[in-house]
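Visitor: Structure: input25.txt, compact mmCIF, C-alpha atoms.
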```
# COMPACT_ATOMS: atom_id res chain seq x y z
CA MET A 1 -2.13 -67.49 55.84
CA LEU A 2 -2.92 -64.15 57.41
CA SER A 3 -6.65 -63.53 57.71
CA HIS A 4 -8.72 -60.37 57.80
CA ALA A 5 -10.00 -61.26 61.27
CA GLN A 6 -6.49 -61.89 62.64
CA ILE A 7 -5.11 -58.49 61.69
CA TRP A 8 -8.11 -56.60 63.06
CA ASN A 9 -8.15 -58.68 66.25
CA ALA A 10 -4.45 -57.87 66.70
CA LEU A 11 -5.19 -54.14 66.44
CA ASP A 12 -8.00 -54.54 68.98
CA ARG A 13 -5.56 -56.29 71.35
CA LEU A 14 -2.98 -53.58 70.78
CA ALA A 15 -5.53 -50.92 71.74
CA GLU A 16 -6.68 -52.88 74.80
CA ARG A 17 -3.13 -53.52 75.92
CA ASN A 18 -2.55 -49.77 75.99
CA GLY A 19 -5.79 -49.00 77.80
CA MET A 20 -7.52 -47.56 74.73
CA SER A 21 -10.42 -48.20 72.42
CA PRO A 22 -9.75 -48.72 68.68
CA SER A 23 -10.79 -45.09 68.19
CA GLY A 24 -8.37 -43.95 70.89
CA LEU A 25 -5.57 -45.91 69.26
CA ALA A 26 -6.27 -44.29 65.90
CA LYS A 27 -6.19 -40.79 67.40
CA LYS A 28 -2.96 -41.51 69.29
CA ALA A 29 -1.44 -42.65 65.99
CA GLY A 30 -2.41 -39.36 64.34
CA LEU A 31 -5.10 -40.98 62.21
CA ASP A 32 -8.77 -40.23 61.74
CA ALA A 33 -10.60 -41.43 64.86
CA THR A 34 -12.72 -43.88 62.83
CA THR A 35 -9.78 -45.59 61.07
CA PHE A 36 -9.85 -48.72 63.25
CA ASN A 37 -13.58 -48.74 64.03
CA LYS A 38 -15.48 -51.99 63.44
CA SER A 39 -17.76 -50.20 60.98
CA LYS A 40 -14.73 -49.57 58.74
CA ARG A 41 -13.77 -53.24 58.42
CA ILE A 42 -16.40 -54.23 55.89
CA THR A 43 -17.36 -52.12 52.87
CA ASN A 44 -20.98 -51.23 52.06
CA ASP A 45 -21.07 -53.98 49.45
CA GLY A 46 -19.83 -56.61 51.93
CA ARG A 47 -16.14 -56.79 50.95
CA GLU A 48 -13.41 -57.05 53.57
CA ARG A 49 -11.47 -53.83 54.14
CA TRP A 50 -7.93 -54.29 55.46
CA PRO A 51 -5.97 -51.68 57.45
CA SER A 52 -3.18 -50.08 55.45
CA THR A 53 0.43 -50.86 56.30
CA GLU A 54 0.91 -47.14 56.96
CA SER A 55 -1.87 -47.05 59.58
CA VAL A 56 -0.53 -50.19 61.29
CA SER A 57 2.98 -48.72 61.30
CA LYS A 58 1.74 -45.49 62.86
CA ALA A 59 -0.15 -47.45 65.53
CA LEU A 60 2.98 -49.42 66.42
CA THR A 61 5.10 -46.26 66.58
CA ALA A 62 2.54 -44.49 68.76
CA THR A 63 2.42 -47.36 71.26
CA GLY A 64 6.12 -48.24 71.17
CA VAL A 65 5.40 -51.82 70.08
CA THR A 66 7.81 -53.68 67.81
CA ILE A 67 6.70 -55.58 64.74
CA ASP A 68 7.77 -58.82 66.45
CA SER A 69 5.45 -58.11 69.36
CA PHE A 70 2.64 -57.23 66.97
CA VAL A 71 3.12 -60.56 65.20
CA THR A 72 2.51 -62.35 68.49
CA LEU A 73 -0.78 -60.44 68.76
CA ILE A 74 -1.69 -61.62 65.27
CA GLU A 75 -0.75 -65.23 65.86
CA GLY A 76 -1.98 -65.65 69.40
CA THR A 77 -5.59 -66.59 69.90
CA LYS A 78 -4.74 -66.93 73.58
CA ARG A 79 -3.03 -64.20 75.55
CA ILE A 80 0.39 -64.88 76.97
CA VAL A 81 0.02 -64.57 80.72
CA GLN A 82 2.69 -63.07 82.95
CA SER A 83 2.58 -63.15 86.73
CA VAL A 84 3.20 -59.63 88.00
CA PRO A 85 3.23 -58.05 91.47
CA LEU A 86 -0.08 -56.40 92.40
CA LEU A 87 -0.55 -53.47 94.78
CA GLY A 88 -3.47 -51.25 95.67
CA PHE A 89 -3.11 -47.81 94.07
CA ALA A 90 -3.59 -46.07 97.42
CA GLN A 91 -0.68 -48.04 98.89
CA ALA A 92 1.74 -47.03 96.15
CA GLY A 93 2.52 -43.71 97.81
CA HIS A 94 3.74 -45.37 100.99
CA GLY A 95 7.42 -46.09 101.53
CA GLY A 96 9.00 -49.49 101.02
CA TYR A 97 7.16 -50.66 97.92
CA PHE A 98 9.46 -49.17 95.26
CA ASP A 99 13.16 -48.55 94.89
CA ASP A 100 14.62 -45.24 93.71
CA ALA A 101 14.19 -46.23 90.06
CA GLY A 102 10.48 -46.97 90.46
CA PHE A 103 10.86 -50.77 90.35
CA PRO A 104 8.91 -52.94 92.82
CA ALA A 105 11.01 -53.50 95.94
CA GLY A 106 10.77 -56.55 98.17
CA SER A 107 7.67 -58.69 98.53
CA LYS A 108 5.98 -57.34 101.66
CA GLY A 109 2.50 -56.06 100.87
CA TRP A 110 2.55 -57.22 97.25
CA ASP A 111 0.11 -59.79 95.89
CA GLU A 112 0.42 -61.46 92.48
CA VAL A 113 -1.90 -61.51 89.51
CA GLY A 114 -1.72 -63.17 86.09
CA LEU A 115 -2.12 -60.64 83.28
CA PRO A 116 -1.11 -60.31 79.59
CA SER A 117 2.64 -60.34 79.12
CA VAL A 118 4.24 -56.92 78.68
CA ASN A 119 7.83 -58.05 78.09
CA ASP A 120 9.19 -56.26 81.15
CA GLU A 121 10.44 -58.29 84.09
CA HIS A 122 9.95 -55.26 86.33
CA ALA A 123 6.31 -54.69 85.32
CA TYR A 124 3.73 -54.52 88.08
CA ALA A 125 -0.01 -54.01 88.48
CA LEU A 126 -1.95 -51.41 90.45
CA LYS A 127 -5.59 -51.81 91.44
CA ILE A 128 -7.63 -48.64 91.10
CA THR A 129 -9.71 -47.55 94.08
CA GLY A 130 -12.36 -44.86 93.96
CA ASP A 131 -13.70 -42.83 91.04
CA SER A 132 -11.12 -40.05 90.79
CA MET A 133 -9.80 -41.44 87.47
CA LYS A 134 -13.13 -42.00 85.73
CA PRO A 135 -13.93 -42.37 82.90
CA ALA A 136 -10.44 -43.64 81.97
CA TYR A 137 -10.17 -46.02 84.94
CA ARG A 138 -12.89 -47.12 87.33
CA ASP A 139 -12.91 -48.56 90.82
CA GLY A 140 -11.58 -52.12 90.66
CA ASP A 141 -9.79 -51.76 87.31
CA ILE A 142 -6.23 -53.10 87.17
CA ILE A 143 -3.52 -51.24 85.28
CA VAL A 144 -0.14 -52.71 84.33
CA VAL A 145 2.82 -50.36 84.63
CA SER A 146 6.13 -50.87 82.82
CA PRO A 147 9.06 -48.94 84.34
CA GLU A 148 11.25 -49.80 81.33
CA ALA A 149 8.80 -48.76 78.60
CA GLN A 150 9.69 -45.70 76.56
CA ILE A 151 7.46 -42.72 77.40
CA ARG A 152 6.16 -40.27 74.82
CA LYS A 153 3.88 -37.25 74.91
CA GLY A 154 0.28 -38.40 75.16
CA ASP A 155 1.07 -41.63 77.03
CA ARG A 156 -0.82 -42.52 80.17
CA VAL A 157 1.61 -42.73 83.04
CA VAL A 158 1.90 -43.30 86.77
CA VAL A 159 3.92 -40.61 88.50
CA LYS A 160 5.29 -40.53 92.03
CA THR A 161 6.53 -37.29 93.54
CA LYS A 162 9.31 -37.10 96.09
CA ASP A 163 6.63 -36.12 98.63
CA GLY A 164 5.03 -39.56 98.14
CA GLU A 165 2.03 -38.51 96.02
CA VAL A 166 1.13 -41.08 93.33
CA MET A 167 -1.14 -40.29 90.42
CA ALA A 168 -2.21 -41.64 87.03
CA LYS A 169 -2.22 -38.93 84.36
CA GLU A 170 -1.49 -38.32 80.69
CA LEU A 171 1.92 -36.90 79.88
CA LYS A 172 1.33 -33.50 78.31
CA ARG A 173 4.88 -32.13 78.26
CA ARG A 174 8.25 -33.20 79.60
CA THR A 175 11.50 -31.26 79.58
CA THR A 176 14.63 -31.34 81.70
CA LYS A 177 13.04 -28.73 83.97
CA ILE A 178 9.30 -29.41 84.06
CA ILE A 179 6.71 -32.18 83.75
CA GLU A 180 3.15 -31.26 82.78
CA LEU A 181 0.39 -33.80 83.32
CA GLN A 182 -3.19 -33.85 82.04
CA SER A 183 -5.86 -35.31 84.30
CA LEU A 184 -7.77 -38.36 83.08
CA ASN A 185 -10.87 -37.14 84.91
CA PRO A 186 -12.17 -33.83 83.46
CA ASN A 187 -13.35 -32.85 86.93
CA HIS A 188 -9.76 -32.82 88.22
CA VAL A 189 -7.21 -30.14 87.43
CA ASP A 190 -4.07 -30.74 85.38
CA ARG A 191 -0.79 -30.80 87.29
CA SER A 192 2.65 -29.36 86.68
CA PHE A 193 5.84 -30.18 88.60
CA PRO A 194 9.49 -29.21 88.48
CA ALA A 195 11.34 -32.27 87.17
CA SER A 196 13.39 -32.28 90.37
CA ASP A 197 10.21 -32.98 92.39
CA ILE A 198 9.49 -36.25 90.56
CA ALA A 199 10.75 -39.49 92.10
CA TRP A 200 9.83 -41.61 89.06
CA ILE A 201 7.48 -41.84 86.12
CA ALA A 202 6.40 -45.06 84.36
CA ARG A 203 4.11 -45.85 81.46
CA ILE A 204 0.75 -47.61 81.73
CA VAL A 205 0.82 -50.40 79.13
CA TRP A 206 -2.41 -52.28 79.82
CA ALA A 207 -5.72 -51.87 81.63
CA SER A 208 -8.40 -54.42 82.51
CA GLN A 209 -11.43 -52.63 81.13
```
Could you render the structure from this file as structure tokens?
Guide:
Amino acid sequence: MLSHAQIWNALDRLAERNGMSPSGLAKKAGLDATTFNKSKRITNDGRERWPSTESVSKALTATGVTIDSFVTLIEGTKRIVQSVPLLGFAQAGHGGYFDDAGFPAGSKGWDEVGLPSVNDEHAYALKITGDSMKPAYRDGDIIVVSPEAQIRKGDRVVVKTKDGEVMAKELKRRTTKIIELQSLNPNHVDRSFPASDIAWIARIVWASQ
């Protein structure tokens, strides 16, 4: 039988897997920011409050997660672990680590780390160095990147330019001619590139925060 705790824990895992808080997940889904907050899960008179099917559906659509994958989050008390290649973020701009499609290439320089499964055999992890991405990501955080994941406006992404620059940003706008990126750190400027200057772009699907 499905329990109140299971469904809310699954939503918490969904948010964490996408590098967000429950409030961030709600906003990404176009809902009131407090929809998934812990304070909303019990009424003032002590009764359990369940998330609506509409709010769950919007959260799944916003994160690109299928209902089957969400069911595994509901059922699993333990996270499914996937061994993925790990690389320092600063190294990612150097040649030889990725192929033209943005998939990890070869094994030289890559370590391995066990992290929650993301259902992408080409997924890899990058270790953040420095504070240029605070408060979203801090020094030592690990992000999992999925080259095959569908990318939508508002997603956090890793982008590599043809000049070798690698950055983690939020996708603000993407057309056939231009890519606009919003900085995760408010002290850093937003960026805009002709689409022809981008080597590859891949979605961040999990962060160890």
Visitor: Please list as a list in words every residue within 7 Å of region 92-108 of chain A, counting all atoms listed in the file and excluding residues in the same chain fewer than 2 positions away.
Guide: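 Result of the neighbour search: Leu87, Gly88, Phe89, Ala90, Trp110, His122, Pro147, Gly164, Glu165, Val166 and Trp200 of chain A.
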Visitor: Write out as an MDAnalysis selection string which residues come within 9 Å of Gly140 (chain A) when counting all atoms listed in the file, dropping same-chain ones fewer than 5 positions away.
Guide: chainID A and resid 127:130
Visitor: Excluding Leu184 (chain A) and any residue of its chain fewer than 4 positions from it, enumerate the residues within 10 Å of it, using all atoms listed in the file, and give them as JSON, numbers by chain.
Guide: {"A": [132, 133, 134, 135, 136, 137, 156, 168, 169, 170, 188, 189, 190]}
Visitor: Would you compute the distance between CA of Thr34 (chain A) and CA of Asp141 (chain A)? Give it in Å to one decimal.
Guide: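 It comes out at 25.9 Å.
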Visitor: Counting all atoms listed in the file, figure out which residue out of A:Ser196, A:Ser146, A:Thr175, A:Asn187 gets nearest to Lys162 (chain A).
Guide: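 Among the listed residues, the smallest separation from Lys162 (chain A) belongs to A:Ser196.
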